[in-house]
file input-v4.tsv (TSV, C-alpha atoms and all ligand atoms)
chain	number	residue	atom	x	y	z
N	32	MET	CA	-84.66	-15.23	200.12
N	33	SER	CA	-88.09	-13.74	200.43
N	34	ARG	CA	-88.90	-10.24	201.54
N	35	PRO	CA	-88.38	-10.24	205.32
N	36	ILE	CA	-91.71	-8.81	206.46
N	37	GLN	CA	-94.08	-11.03	208.41
N	38	ALA	CA	-97.00	-10.92	210.79
N	39	ARG	CA	-96.60	-13.42	213.60
N	40	ILE	CA	-99.78	-14.43	215.39
N	41	ASP	CA	-99.40	-15.55	218.99
N	42	LEU	CA	-102.19	-18.08	219.55
N	43	ASP	CA	-101.35	-18.37	223.21
N	44	ALA	CA	-101.87	-14.62	223.65
N	45	LEU	CA	-105.34	-14.89	222.09
N	46	GLU	CA	-106.23	-17.70	224.46
N	47	ARG	CA	-104.96	-15.79	227.48
N	48	ASN	CA	-106.74	-12.61	226.49
N	49	LEU	CA	-109.97	-14.62	226.36
N	50	GLN	CA	-109.28	-15.71	229.91
N	51	VAL	CA	-108.77	-12.07	230.87
N	52	ALA	CA	-112.21	-11.31	229.44
N	53	ARG	CA	-113.65	-14.15	231.52
N	54	ARG	CA	-112.04	-12.77	234.64
N	55	TYR	CA	-113.57	-9.35	234.02
N	56	ALA	CA	-117.00	-10.77	233.20
N	57	PRO	CA	-117.18	-13.97	235.24
N	58	SER	CA	-120.93	-14.40	235.12
N	59	ALA	CA	-121.47	-13.68	231.43
N	60	ARG	CA	-121.04	-15.90	228.42
N	61	ILE	CA	-118.53	-14.71	225.88
N	62	MET	CA	-119.45	-13.96	222.30
N	63	ALA	CA	-115.96	-13.48	220.85
N	64	VAL	CA	-116.05	-10.93	218.05
N	65	ILE	CA	-113.99	-12.21	215.13
N	66	LYS	CA	-115.29	-10.00	212.33
N	67	ALA	CA	-112.97	-8.58	209.68
N	68	ASN	CA	-110.95	-11.78	209.38
N	69	GLY	CA	-110.47	-11.92	213.13
N	70	TYR	CA	-109.43	-8.25	213.26
N	71	GLY	CA	-106.84	-9.09	210.62
N	72	HIS	CA	-105.35	-12.06	212.48
N	73	GLY	CA	-106.93	-14.75	210.26
N	74	LEU	CA	-110.41	-16.10	210.85
N	75	MET	CA	-109.77	-19.82	211.27
N	76	ARG	CA	-106.57	-19.29	213.21
N	77	VAL	CA	-108.35	-17.00	215.66
N	78	ALA	CA	-111.35	-19.32	215.99
N	79	GLU	CA	-109.05	-22.17	216.90
N	80	ALA	CA	-107.24	-20.15	219.54
N	81	LEU	CA	-110.56	-18.89	220.93
N	82	ALA	CA	-112.36	-22.22	220.66
N	83	ASP	CA	-113.27	-21.96	224.33
N	84	ALA	CA	-115.54	-18.95	223.64
N	85	ASP	CA	-119.28	-19.52	224.06
N	86	GLY	CA	-120.00	-17.96	220.69
N	87	PHE	CA	-118.47	-16.23	217.70
N	88	ALA	CA	-119.76	-13.00	216.16
N	89	LEU	CA	-118.97	-11.79	212.67
N	90	LEU	CA	-120.64	-10.28	209.61
N	91	ASP	CA	-119.68	-12.28	206.59
N	92	HIS	CA	-122.08	-15.13	205.88
N	93	GLY	CA	-119.48	-17.14	203.98
N	94	ASP	CA	-117.11	-16.94	206.93
N	95	ALA	CA	-119.88	-18.07	209.27
N	96	VAL	CA	-120.59	-21.11	207.10
N	97	HIS	CA	-116.89	-21.86	206.94
N	98	LEU	CA	-116.69	-21.89	210.73
N	99	ARG	CA	-119.69	-24.18	211.01
N	100	GLN	CA	-118.27	-26.52	208.41
N	101	ALA	CA	-114.99	-26.61	210.32
N	102	GLY	CA	-116.94	-28.12	213.20
N	103	TYR	CA	-117.48	-25.22	215.61
N	104	ARG	CA	-120.67	-25.94	217.48
N	105	GLN	CA	-121.07	-22.83	219.59
N	106	GLN	CA	-123.46	-20.05	218.68
N	107	ILE	CA	-122.39	-18.15	215.56
N	108	LEU	CA	-123.94	-14.70	215.37
N	109	LEU	CA	-124.28	-12.60	212.22
N	110	LEU	CA	-123.83	-9.05	213.49
N	111	GLU	CA	-125.68	-7.41	210.60
N	112	GLY	CA	-128.14	-10.28	210.21
N	113	PHE	CA	-129.90	-10.92	206.93
N	114	PHE	CA	-129.06	-8.88	203.86
N	115	THR	CA	-131.52	-10.69	201.57
N	116	ALA	CA	-134.45	-13.08	201.91
N	117	ALA	CA	-132.24	-15.98	200.84
N	118	ASP	CA	-130.06	-15.46	203.92
N	119	ALA	CA	-132.82	-16.91	206.09
N	120	GLU	CA	-132.37	-20.27	204.38
N	121	LEU	CA	-128.63	-20.07	204.83
N	122	ALA	CA	-129.11	-19.35	208.53
N	123	ALA	CA	-131.35	-22.40	208.88
N	124	GLU	CA	-129.02	-24.67	207.00
N	125	HIS	CA	-126.01	-23.77	209.12
N	126	ASP	CA	-127.73	-22.87	212.37
N	127	LEU	CA	-126.59	-19.24	212.41
N	128	SER	CA	-128.00	-16.69	214.84
N	129	CYS	CA	-128.95	-13.31	213.42
N	130	VAL	CA	-129.08	-9.77	214.61
N	131	LEU	CA	-132.39	-8.20	213.65
N	132	HIS	CA	-131.78	-4.46	213.48
N	133	SER	CA	-134.32	-3.00	211.02
N	134	ASP	CA	-137.91	-3.31	209.87
N	135	TRP	CA	-136.97	-4.33	206.36
N	136	GLN	CA	-135.42	-7.56	207.64
N	137	ILE	CA	-138.58	-8.81	209.34
N	138	PRO	CA	-140.33	-10.18	206.22
N	139	PHE	CA	-137.27	-12.32	205.54
N	140	LEU	CA	-138.18	-14.41	208.58
N	141	ASP	CA	-140.93	-15.94	206.44
N	142	ASN	CA	-138.21	-17.53	204.34
N	143	TYR	CA	-136.85	-19.43	207.31
N	144	PRO	CA	-137.72	-23.03	206.46
N	145	LYS	CA	-137.92	-24.56	209.95
N	146	ARG	CA	-140.18	-24.11	212.92
N	147	ASN	CA	-138.72	-22.93	216.22
N	148	GLY	CA	-135.19	-22.87	214.91
N	149	LEU	CA	-134.03	-19.28	214.69
N	150	ASP	CA	-132.13	-17.41	217.38
N	151	ILE	CA	-132.54	-13.68	216.96
N	152	TRP	CA	-130.60	-10.91	218.65
N	153	LEU	CA	-132.92	-7.94	218.55
N	154	LYS	CA	-130.87	-4.79	218.39
N	155	ILE	CA	-132.10	-1.69	220.17
N	156	ASN	CA	-130.78	1.75	219.31
N	157	THR	CA	-130.02	3.38	222.64
N	158	GLY	CA	-127.96	6.28	221.34
N	159	MET	CA	-125.38	5.06	218.86
N	160	ASN	CA	-127.84	5.85	216.06
N	161	ARG	CA	-126.39	3.33	213.69
N	162	LEU	CA	-128.30	0.04	213.75
N	163	GLY	CA	-131.25	-0.97	215.89
N	164	PHE	CA	-134.91	-0.33	216.61
N	165	PRO	CA	-135.90	2.76	218.59
N	166	PRO	CA	-136.84	1.82	222.17
N	167	GLU	CA	-140.49	2.80	221.64
N	168	GLN	CA	-140.84	0.30	218.78
N	169	VAL	CA	-139.43	-2.68	220.62
N	170	SER	CA	-142.69	-3.95	222.08
N	171	ALA	CA	-144.37	-3.89	218.68
N	172	VAL	CA	-141.45	-5.66	217.02
N	173	LEU	CA	-141.38	-8.29	219.75
N	174	GLU	CA	-145.09	-8.75	219.29
N	175	ARG	CA	-144.57	-9.44	215.57
N	176	VAL	CA	-141.39	-11.44	215.77
N	177	GLY	CA	-141.93	-13.26	219.05
N	178	ARG	CA	-144.88	-15.19	217.71
N	179	HIS	CA	-143.25	-16.00	214.41
N	180	GLN	CA	-143.09	-19.72	213.81
N	181	ALA	CA	-139.41	-19.53	212.88
N	182	MET	CA	-138.46	-18.25	216.30
N	183	HIS	CA	-136.48	-20.24	218.83
N	184	SER	CA	-135.09	-17.51	221.10
N	185	ILE	CA	-134.71	-13.75	221.32
N	186	THR	CA	-131.82	-11.94	222.96
N	187	LEU	CA	-132.00	-8.19	223.45
N	188	MET	CA	-128.86	-6.31	222.53
N	189	THR	CA	-127.47	-2.83	222.15
N	190	HIS	CA	-124.10	-1.33	221.35
N	191	PHE	CA	-122.30	1.46	223.23
N	192	ALA	CA	-120.90	4.58	221.58
N	193	ASN	CA	-118.83	5.73	224.55
N	194	ALA	CA	-117.84	2.76	226.69
N	195	ASP	CA	-114.21	3.77	226.14
N	196	THR	CA	-114.55	7.46	227.04
N	197	SER	CA	-115.47	9.54	230.06
N	198	ALA	CA	-119.01	9.92	228.67
N	199	GLY	CA	-119.48	6.29	229.68
N	200	VAL	CA	-122.50	4.03	229.28
N	201	ALA	CA	-124.93	5.31	231.91
N	202	SER	CA	-127.53	6.90	229.64
N	203	GLN	CA	-127.51	4.10	227.07
N	204	LEU	CA	-127.62	1.48	229.82
N	205	GLN	CA	-130.61	3.26	231.34
N	206	ARG	CA	-132.48	3.40	228.04
N	207	PHE	CA	-131.77	-0.26	227.45
N	208	THR	CA	-132.86	-1.31	230.91
N	209	ASP	CA	-136.05	0.73	230.63
N	210	VAL	CA	-137.02	-1.41	227.65
N	211	ALA	CA	-135.51	-4.77	228.55
N	212	GLY	CA	-136.89	-4.65	232.08
N	213	ALA	CA	-140.31	-5.51	230.75
N	214	TYR	CA	-139.18	-8.88	229.32
N	215	ARG	CA	-137.54	-12.01	230.58
N	216	LEU	CA	-135.10	-12.21	227.71
N	217	GLU	CA	-131.33	-12.55	227.71
N	218	ARG	CA	-129.31	-9.36	227.30
N	219	SER	CA	-126.09	-8.40	225.59
N	220	LEU	CA	-124.50	-4.95	225.66
N	221	ALA	CA	-120.80	-4.93	226.39
N	222	ASN	CA	-117.93	-4.49	223.92
N	223	SER	CA	-114.35	-4.72	225.21
N	224	ALA	CA	-114.36	-1.31	226.85
N	225	ALA	CA	-117.55	-2.15	228.73
N	226	VAL	CA	-116.24	-5.59	229.68
N	227	LEU	CA	-113.24	-3.85	231.23
N	228	HIS	CA	-114.80	-0.73	232.76
N	229	HIS	CA	-118.55	-1.17	233.12
N	230	PRO	CA	-119.42	-4.36	234.99
N	231	LYS	CA	-123.05	-3.29	235.43
N	232	SER	CA	-123.49	-3.60	231.69
N	233	HIS	CA	-122.32	-7.19	231.38
N	234	GLY	CA	-125.73	-8.91	231.20
N	235	ASP	CA	-125.90	-12.48	229.90
N	236	TRP	CA	-123.51	-12.22	226.96
N	237	VAL	CA	-120.52	-9.92	226.55
N	238	ARG	CA	-119.08	-9.21	223.11
N	239	PRO	CA	-115.34	-8.50	223.41
N	240	GLY	CA	-113.36	-7.88	220.25
N	241	ILE	CA	-110.29	-5.69	220.43
N	242	MET	CA	-109.17	-6.84	223.88
N	243	LEU	CA	-108.86	-10.43	222.63
N	244	TYR	CA	-106.23	-9.25	220.18
N	245	GLY	CA	-104.27	-7.49	222.90
N	246	SER	CA	-104.97	-3.86	222.11
N	247	SER	CA	-106.53	-1.40	224.53
N	248	PRO	CA	-109.90	0.17	223.75
N	249	PHE	CA	-108.92	3.17	225.90
N	250	ALA	CA	-106.76	6.10	224.82
N	251	ASP	CA	-105.26	6.49	228.29
N	252	VAL	CA	-104.87	2.90	229.55
N	253	SER	CA	-102.35	0.58	227.93
N	254	ALA	CA	-103.01	-3.02	226.96
N	255	ALA	CA	-100.26	-4.09	229.37
N	256	GLN	CA	-101.99	-2.26	232.23
N	257	LEU	CA	-105.12	-4.25	231.43
N	258	GLY	CA	-103.17	-7.52	231.48
N	259	LEU	CA	-103.54	-8.04	227.73
N	260	ARG	CA	-100.88	-9.48	225.45
N	261	PRO	CA	-100.46	-8.48	221.82
N	262	ALA	CA	-101.59	-11.24	219.48
N	263	MET	CA	-99.92	-9.83	216.37
N	264	THR	CA	-96.32	-8.83	215.84
N	265	LEU	CA	-95.55	-7.16	212.53
N	266	SER	CA	-91.83	-7.34	211.89
N	267	SER	CA	-89.34	-6.94	209.08
N	268	ARG	CA	-85.66	-6.18	208.64
N	269	LEU	CA	-83.32	-3.41	207.53
N	270	ILE	CA	-82.49	-3.80	203.86
N	271	ALA	CA	-80.18	-0.78	203.61
N	272	VAL	CA	-78.25	1.48	205.94
N	273	ARG	CA	-76.78	4.85	205.05
N	274	GLU	CA	-74.95	7.84	206.47
N	275	LEU	CA	-76.55	11.22	205.94
N	276	ARG	CA	-74.68	14.49	205.95
N	277	SER	CA	-76.09	17.55	207.60
N	278	GLY	CA	-78.74	18.98	205.29
N	279	ASP	CA	-79.58	15.68	203.54
N	280	GLU	CA	-83.27	14.93	203.20
N	281	ILE	CA	-85.24	11.70	203.35
N	282	GLY	CA	-87.95	10.25	201.12
N	283	TYR	CA	-90.88	11.64	199.16
N	284	GLY	CA	-91.58	15.28	199.80
N	285	ALA	CA	-88.27	15.57	201.66
N	286	THR	CA	-90.23	16.00	204.87
N	287	TYR	CA	-87.24	15.19	207.06
N	288	ARG	CA	-83.90	17.00	206.84
N	289	ALA	CA	-80.89	15.93	208.90
N	290	ASP	CA	-79.50	18.83	210.93
N	291	GLN	CA	-76.32	16.89	211.65
N	292	PRO	CA	-74.63	13.80	210.25
N	293	MET	CA	-76.69	10.73	211.10
N	294	ARG	CA	-77.13	7.06	210.33
N	295	ILE	CA	-80.44	5.81	209.05
N	296	GLY	CA	-81.90	2.43	208.10
N	297	VAL	CA	-84.40	1.44	205.42
N	298	VAL	CA	-87.04	-1.07	206.52
N	299	ALA	CA	-88.83	-3.44	204.13
N	300	CYS	CA	-92.31	-2.31	205.17
N	301	GLY	CA	-94.56	0.33	203.69
N	302	TYR	CA	-98.16	1.33	203.35
N	303	ALA	CA	-98.78	-1.47	200.84
N	304	ASP	CA	-98.11	-3.81	203.75
N	305	GLY	CA	-100.56	-1.95	205.95
N	306	TYR	CA	-98.20	0.37	207.77
N	307	PRO	CA	-100.06	3.68	208.14
N	308	ARG	CA	-98.88	6.30	205.69
N	309	HIS	CA	-99.99	8.96	208.14
N	310	ALA	CA	-97.41	7.90	210.72
N	311	ALA	CA	-95.28	11.02	210.94
N	312	THR	CA	-91.59	11.35	211.68
N	313	GLY	CA	-91.11	10.25	215.27
N	314	THR	CA	-93.47	7.26	215.24
N	315	PRO	CA	-91.96	4.70	217.63
N	316	ILE	CA	-90.46	1.53	216.15
N	317	LEU	CA	-88.06	-1.15	217.43
N	318	VAL	CA	-84.73	-1.99	215.82
N	319	ASP	CA	-82.77	-4.87	217.36
N	320	GLY	CA	-85.15	-4.68	220.31
N	321	GLN	CA	-84.39	-1.02	220.95
N	322	ARG	CA	-86.87	1.79	220.55
N	323	THR	CA	-86.18	4.37	217.93
N	324	ARG	CA	-88.29	6.47	215.54
N	325	THR	CA	-89.38	6.65	211.93
N	326	LEU	CA	-88.06	9.43	209.70
N	327	GLY	CA	-89.76	11.10	206.76
N	328	ARG	CA	-92.70	9.80	204.78
N	329	VAL	CA	-93.74	6.18	204.73
N	330	SER	CA	-93.65	4.98	201.14
N	331	MET	CA	-95.40	2.05	199.49
N	332	ASP	CA	-92.79	-0.59	200.27
N	333	MET	CA	-90.34	1.05	202.64
N	334	LEU	CA	-89.93	3.33	205.58
N	335	CYS	CA	-86.86	4.89	207.18
N	336	VAL	CA	-85.68	4.77	210.78
N	337	ASP	CA	-83.21	6.66	212.90
N	338	LEU	CA	-80.13	4.60	213.80
N	339	SER	CA	-78.26	7.43	215.59
N	340	ALA	CA	-78.44	5.56	218.88
N	341	LEU	CA	-77.99	2.12	217.30
N	342	PRO	CA	-74.39	1.96	216.04
N	343	ARG	CA	-74.50	-1.83	215.75
N	344	ALA	CA	-77.72	-2.02	213.73
N	345	ASN	CA	-77.09	-3.07	210.16
N	346	VAL	CA	-78.62	-4.68	207.11
N	347	GLY	CA	-80.55	-7.67	208.44
N	348	SER	CA	-81.33	-6.12	211.81
N	349	LYS	CA	-84.79	-7.07	213.00
N	350	VAL	CA	-87.40	-4.33	213.07
N	351	VAL	CA	-90.69	-4.55	214.94
N	352	MET	CA	-93.38	-2.17	213.70
N	353	TRP	CA	-95.85	-3.29	216.37
N	354	GLY	CA	-96.57	-6.19	218.67
N	355	GLU	CA	-94.33	-7.59	221.32
N	356	GLU	CA	-92.45	-4.74	223.09
N	357	MET	CA	-93.97	-2.15	220.73
N	358	PRO	CA	-97.62	-1.49	221.58
N	359	ILE	CA	-99.78	-1.16	218.48
N	360	ASP	CA	-101.75	1.54	220.29
N	361	GLU	CA	-98.71	3.84	220.42
N	362	VAL	CA	-98.13	3.47	216.69
N	363	ALA	CA	-101.82	4.05	216.04
N	364	GLN	CA	-101.82	7.19	218.14
N	365	ALA	CA	-98.81	8.56	216.25
N	366	ALA	CA	-100.69	7.92	213.00
N	367	GLY	CA	-103.95	9.49	214.15
N	368	THR	CA	-105.82	6.20	214.21
N	369	ILE	CA	-106.62	3.25	216.48
N	370	GLY	CA	-105.13	-0.19	216.91
N	371	TYR	CA	-108.24	-1.73	215.32
N	372	GLU	CA	-107.53	-0.10	211.97
N	373	LEU	CA	-103.87	-1.12	211.92
N	374	MET	CA	-104.69	-4.76	212.70
N	375	CYS	CA	-107.39	-4.95	210.06
N	376	GLY	CA	-105.20	-3.20	207.53
N	377	VAL	CA	-102.31	-5.64	207.26
N	378	THR	CA	-102.42	-6.57	203.59
N	379	ALA	CA	-102.53	-9.92	201.85
N	380	ARG	CA	-98.92	-9.73	200.68
N	381	VAL	CA	-97.65	-9.98	204.25
N	382	PRO	CA	-96.90	-13.62	205.12
N	383	VAL	CA	-98.54	-14.76	208.33
N	384	VAL	CA	-96.83	-17.21	210.66
N	385	THR	CA	-97.87	-18.64	214.01
N	386	GLY	CA	-95.76	-19.61	217.00
N	387	ASP	CA	-92.20	-18.37	217.49
Z	401	LIG	C1	-117.21	-4.90	216.71
Z	401	LIG	C2	-118.30	-5.09	217.70
Z	401	LIG	C3	-118.02	-5.46	219.02
Z	401	LIG	C4	-116.63	-5.56	219.57
Z	401	LIG	O1	-116.12	-4.29	219.87
Z	401	LIG	P1	-114.66	-4.09	220.50
Z	401	LIG	O2	-114.56	-2.64	220.75
Z	401	LIG	O3	-113.69	-4.56	219.48
Z	401	LIG	O4	-114.62	-4.92	221.72
Z	401	LIG	C5	-119.09	-5.73	219.84
Z	401	LIG	N1	-120.37	-5.62	219.40
Z	401	LIG	C6	-120.67	-5.25	218.15
Z	401	LIG	C7	-122.08	-5.13	217.73
Z	401	LIG	C8	-119.65	-4.96	217.25
Z	401	LIG	O5	-119.95	-4.59	216.01
call {"tool": "encode", "arguments": {"input": "input-v4.tsv", "output": "structure tokens"}}
result
Amino acid sequence: MSRPIQARIDLDALERNLQVARRYAPSARIMAVIKANGYGHGLMRVAEALADADGFALLDHGDAVHLRQAGYRQQILLLEGFFTAADAELAAEHDLSCVLHSDWQIPFLDNYPKRNGLDIWLKINTGMNRLGFPPEQVSAVLERVGRHQAMHSITLMTHFANADTSAGVASQLQRFTDVAGAYRLERSLANSAAVLHHPKSHGDWVRPGIMLYGSSPFADVSAAQLGLRPAMTLSSRLIAVRELRSGDEIGYGATYRADQPMRIGVVACGYADGYPRHAATGTPILVDGQRTRTLGRVSMDMLCVDLSALPRANVGSKVVMWGEEMPIDEVAQAAGTIGYELMCGVTARVPVVTGD
């Protein structure tokens, strides 16, 4: 018998969530964002489920090559572009598109060994202040890069800081349009939140990530309300059950004390599996399909749950930490984080299965 924890990936949910993105952005092409090992779901598995996407975006050059070698023919975009001059040769060899976000990357174009081969996504900083050229430099950069013999096409892109909040995208969209309006180049702006809430920002290519995995980018709108289905279910089982007396405490730091006799269960899942250690007592969790709560501190390999309302739960009972019937966003909120971080944080020791 192996340890009962597993992450089940629902390929059908991924495929359907892609269709949801298409319904929200019917006139745009979809650059499916599969960085960070497909947001923790497994790169090749996710690519296969999302094979209908018009492109794939990620950061790791090795992963991009792997996708190309597996036969994917759609555009593959490196979201941080070149890191070194040698990356230009790699991009040529495997036909990878590159974000160009900073001056220091421009000389690397000279290393690109083909004429008219390179597709660049020129990133404009419209307010995020992370990557991208300032709007006032864009014409000069286009002047330099546009005539470069390596160049095949240029897409203008930007990234929103507040597509998921009430601050919205208006000012960034305006700054972008002020620049892009002067050129007949394709445009890409929208992450999941903008795909869902800001249709005016869709442009030619949208770049959904989190929504494809069935988590909501919004704090106040659930994935289910958006028509999204969770692609990952992290489950395990109870490996011990015990009766506490009034006054008994649970776990490291004794942060929970029973104020009456109660029944608790011990789940084979801890922070070394990727369950957030900052999930406090009261974080929702499913046992035998019924909602209950965690108790005390999450430890490396285990966490404890309240079985007061689950008299029939016992060793072997199935526990769902997140996924089907237990939205990852609720767990994330209880742990002071976001669904993205939980998905990406499932560790290598957790076996991954697909299907039912
Ligand atoms: C990660 C990322 C996305 C996807 O964002 P989501 O919020 O997951 O939809 C889009 N564009 C860029 C540049 C990104 O880095």
call {"tool": "closest_residue", "arguments": {"input": "input-v4.tsv", "among": "N:Ala363, N:Leu341, N:Tyr371, N:Arg34", "to": "Gly69 of chain N", "atoms": "all atoms listed in the file"}}
result
N:Tyr371
call {"tool": "atom_distance", "arguments": {"input": "input-v4.tsv", "atom1": "atom CA of Ala171 of chain N", "atom2": "atom CA of Ala119 of chain N"}}
result
21.5 Å
call {"tool": "closest_residue", "arguments": {"input": "input-v4.tsv", "among": "N:Ser247, N:Thr157, N:Ser267, N:Gln180", "to": "Asp195 of chain N", "atoms": "all atoms listed in the file"}}
result
N:Ser247
call {"tool": "closest_residue", "arguments": {"input": "input-v4.tsv", "among": "N:Gly234, N:Gly347, N:Pro239, N:Pro307", "to": "Ile65 of chain N", "atoms": "only C-alpha atoms"}}
result
N:Pro239
call {"tool": "closest_residue", "arguments": {"input": "input-v4.tsv", "among": "N:His229, N:Arg294, N:Arg380, N:His190", "to": "ligand LIG 401 (chain Z)", "atoms": "all atoms listed in the file"}}
result
N:His190
call {"tool": "closest_residue", "arguments": {"input": "input-v4.tsv", "among": "N:Glu355, N:His179, N:Arg146, N:Thr189", "to": "Arg161 of chain N", "atoms": "only C-alpha atoms"}}
result
N:Thr189
call {"tool": "residues_near_ligand", "arguments": {"input": "input-v4.tsv", "ligand": "ligand LIG 401 (chain Z)", "cutoff": "10 Å", "atoms": "all atoms listed in the file", "output": "VMD selection string"}}
result
chain N and resid 62 to 67 70 88 to 90 109 to 111 130 154 162 188 to 192 194 to 195 219 to 227 237 to 244 246 to 249 370 to 371
call {"tool": "closest_residue", "arguments": {"input": "input-v4.tsv", "among": "N:Gln105, N:Gln291, N:Asn193, N:Asn142", "to": "Asp126 of chain N", "atoms": "all atoms listed in the file"}}
result
N:Gln105
call {"tool": "atom_distance", "arguments": {"input": "input-v4.tsv", "atom1": "atom CA of Ala379 of chain N", "atom2": "atom CA of Ile36 of chain N"}}
result
11.8 Å
call {"tool": "residues_around", "arguments": {"input": "input-v4.tsv", "residues": "Ala311 of chain N", "least_positions_apart": "5", "cutoff": "9 Å", "atoms": "all atoms listed in the file", "output": "PDB file with C-alpha atoms, keeping the file's coordinate frame"}}
result
ATOM      1  CA  THR N 325     -89.380   6.650 211.930  1.00  0.00           C
ATOM      2  CA  LEU N 326     -88.060   9.430 209.700  1.00  0.00           C
ATOM      3  CA  GLY N 327     -89.760  11.100 206.760  1.00  0.00           C
ATOM      4  CA  ARG N 328     -92.700   9.800 204.780  1.00  0.00           C
ATOM      5  CA  VAL N 329     -93.740   6.180 204.730  1.00  0.00           C
ATOM      6  CA  ALA N 365     -98.810   8.560 216.250  1.00  0.00           C
ATOM      7  CA  ALA N 366    -100.690   7.920 213.000  1.00  0.00           C
TER       8      ALA N 366
END
call {"tool": "atom_distance", "arguments": {"input": "input-v4.tsv", "atom1": "atom CA of Gly112 of chain N", "atom2": "atom CA of Pro138 of chain N"}}
result
12.8 Å
call {"tool": "residues_near_point", "arguments": {"input": "input-v4.tsv", "point": "(-140.5, -0.9, 219.8)", "cutoff": "12 Å", "atoms": "all atoms listed in the file", "output": "PyMOL selection string"}}
result
chain N and resi 132-134+153-157+163-176+187+207+209-211+213
call {"tool": "residues_near_point", "arguments": {"input": "input-v4.tsv", "point": "(-111.9, 7.5, 231.1)", "cutoff": "9 Å", "atoms": "only C-alpha atoms", "output": "PyMOL selection string"}}
result
chain N and resi 194-199+228+249-252
call {"tool": "residues_around", "arguments": {"input": "input-v4.tsv", "residues": "Phe114 of chain N", "least_positions_apart": "6", "cutoff": "12 Å", "atoms": "all atoms listed in the file", "output": "PyMOL selection string"}}
result
chain N and resi 90-92+120-122+129-133+135-140
call {"tool": "write_last_selection", "arguments": {"input": "input-v4.tsv", "atoms": "C-alpha atoms", "output": "compact mmCIF listing (two decimals), keeping the file's coordinate frame"}}
result
# COMPACT_ATOMS: atom_id res chain seq x y z
CA LEU N 90 -120.64 -10.28 209.61
CA ASP N 91 -119.68 -12.28 206.59
CA HIS N 92 -122.08 -15.13 205.88
CA GLU N 120 -132.37 -20.27 204.38
CA LEU N 121 -128.63 -20.07 204.83
CA ALA N 122 -129.11 -19.35 208.53
CA CYS N 129 -128.95 -13.31 213.42
CA VAL N 130 -129.08 -9.77 214.61
CA LEU N 131 -132.39 -8.20 213.65
CA HIS N 132 -131.78 -4.46 213.48
CA SER N 133 -134.32 -3.00 211.02
CA TRP N 135 -136.97 -4.33 206.36
CA GLN N 136 -135.42 -7.56 207.64
CA ILE N 137 -138.58 -8.81 209.34
CA PRO N 138 -140.33 -10.18 206.22
CA PHE N 139 -137.27 -12.32 205.54
CA LEU N 140 -138.18 -14.41 208.58
call {"tool": "residues_around", "arguments": {"input": "input-v4.tsv", "residues": "Met75 of chain N", "least_positions_apart": "3", "cutoff": "12 Å", "atoms": "all atoms listed in the file", "output": "mmCIF file with C-alpha atoms, keeping the file's coordinate frame"}}
result
data_model
loop_
_atom_site.group_PDB
_atom_site.id
_atom_site.type_symbol
_atom_site.label_atom_id
_atom_site.label_comp_id
_atom_site.auth_asym_id
_atom_site.auth_seq_id
_atom_site.Cartn_x
_atom_site.Cartn_y
_atom_site.Cartn_z
ATOM 1 C CA LEU N 42 -102.190 -18.080 219.550
ATOM 2 C CA ILE N 65 -113.990 -12.210 215.130
ATOM 3 C CA LYS N 66 -115.290 -10.000 212.330
ATOM 4 C CA ALA N 67 -112.970 -8.580 209.680
ATOM 5 C CA ASN N 68 -110.950 -11.780 209.380
ATOM 6 C CA GLY N 69 -110.470 -11.920 213.130
ATOM 7 C CA TYR N 70 -109.430 -8.250 213.260
ATOM 8 C CA GLY N 71 -106.840 -9.090 210.620
ATOM 9 C CA HIS N 72 -105.350 -12.060 212.480
ATOM 10 C CA ALA N 78 -111.350 -19.320 215.990
ATOM 11 C CA GLU N 79 -109.050 -22.170 216.900
ATOM 12 C CA ALA N 80 -107.240 -20.150 219.540
ATOM 13 C CA LEU N 81 -110.560 -18.890 220.930
ATOM 14 C CA ALA N 82 -112.360 -22.220 220.660
ATOM 15 C CA PHE N 87 -118.470 -16.230 217.700
ATOM 16 C CA ASP N 94 -117.110 -16.940 206.930
ATOM 17 C CA ALA N 95 -119.880 -18.070 209.270
ATOM 18 C CA VAL N 96 -120.590 -21.110 207.100
ATOM 19 C CA HIS N 97 -116.890 -21.860 206.940
ATOM 20 C CA LEU N 98 -116.690 -21.890 210.730
ATOM 21 C CA ARG N 99 -119.690 -24.180 211.010
ATOM 22 C CA GLN N 100 -118.270 -26.520 208.410
ATOM 23 C CA ALA N 101 -114.990 -26.610 210.320
ATOM 24 C CA GLY N 102 -116.940 -28.120 213.200
ATOM 25 C CA TYR N 103 -117.480 -25.220 215.610
#
call {"tool": "closest_atom_pairs", "arguments": {"input": "input-v4.tsv", "of": "segment 329-386 of chain N", "to": "segment 255-262 of chain N", "cutoff": "9 Å", "atoms": "only C-alpha atoms", "output": "JSON lines"}}
result
{"residue": "N:Trp353", "atom": "CA", "partner": "N:Pro261", "partner_atom": "CA", "distance": 8.8}
{"residue": "N:Gly354", "atom": "CA", "partner": "N:Pro261", "partner_atom": "CA", "distance": 5.5}
{"residue": "N:Glu355", "atom": "CA", "partner": "N:Pro261", "partner_atom": "CA", "distance": 6.2}
{"residue": "N:Glu356", "atom": "CA", "partner": "N:Pro261", "partner_atom": "CA", "distance": 8.9}
{"residue": "N:Pro358", "atom": "CA", "partner": "N:Pro261", "partner_atom": "CA", "distance": 7.5}
{"residue": "N:Ile359", "atom": "CA", "partner": "N:Pro261", "partner_atom": "CA", "distance": 8.1}
call {"tool": "residues_around", "arguments": {"input": "input-v4.tsv", "residues": "His183 of chain N", "least_positions_apart": "3", "cutoff": "6 Å", "atoms": "only C-alpha atoms", "output": "PyMOL selection string"}}
result
chain N and resi 147-150
call {"tool": "axis_aligned_box", "arguments": {"input": "input-v4.tsv", "around": "segment 112-118 of chain N", "padding_each_side": "8 Å", "output": "AutoDock Vina command-line options"}}
result
--center_x -131.3 --center_y -12.4 --center_z 205.5 --size_x 22.3 --size_y 23.1 --size_z 25.4
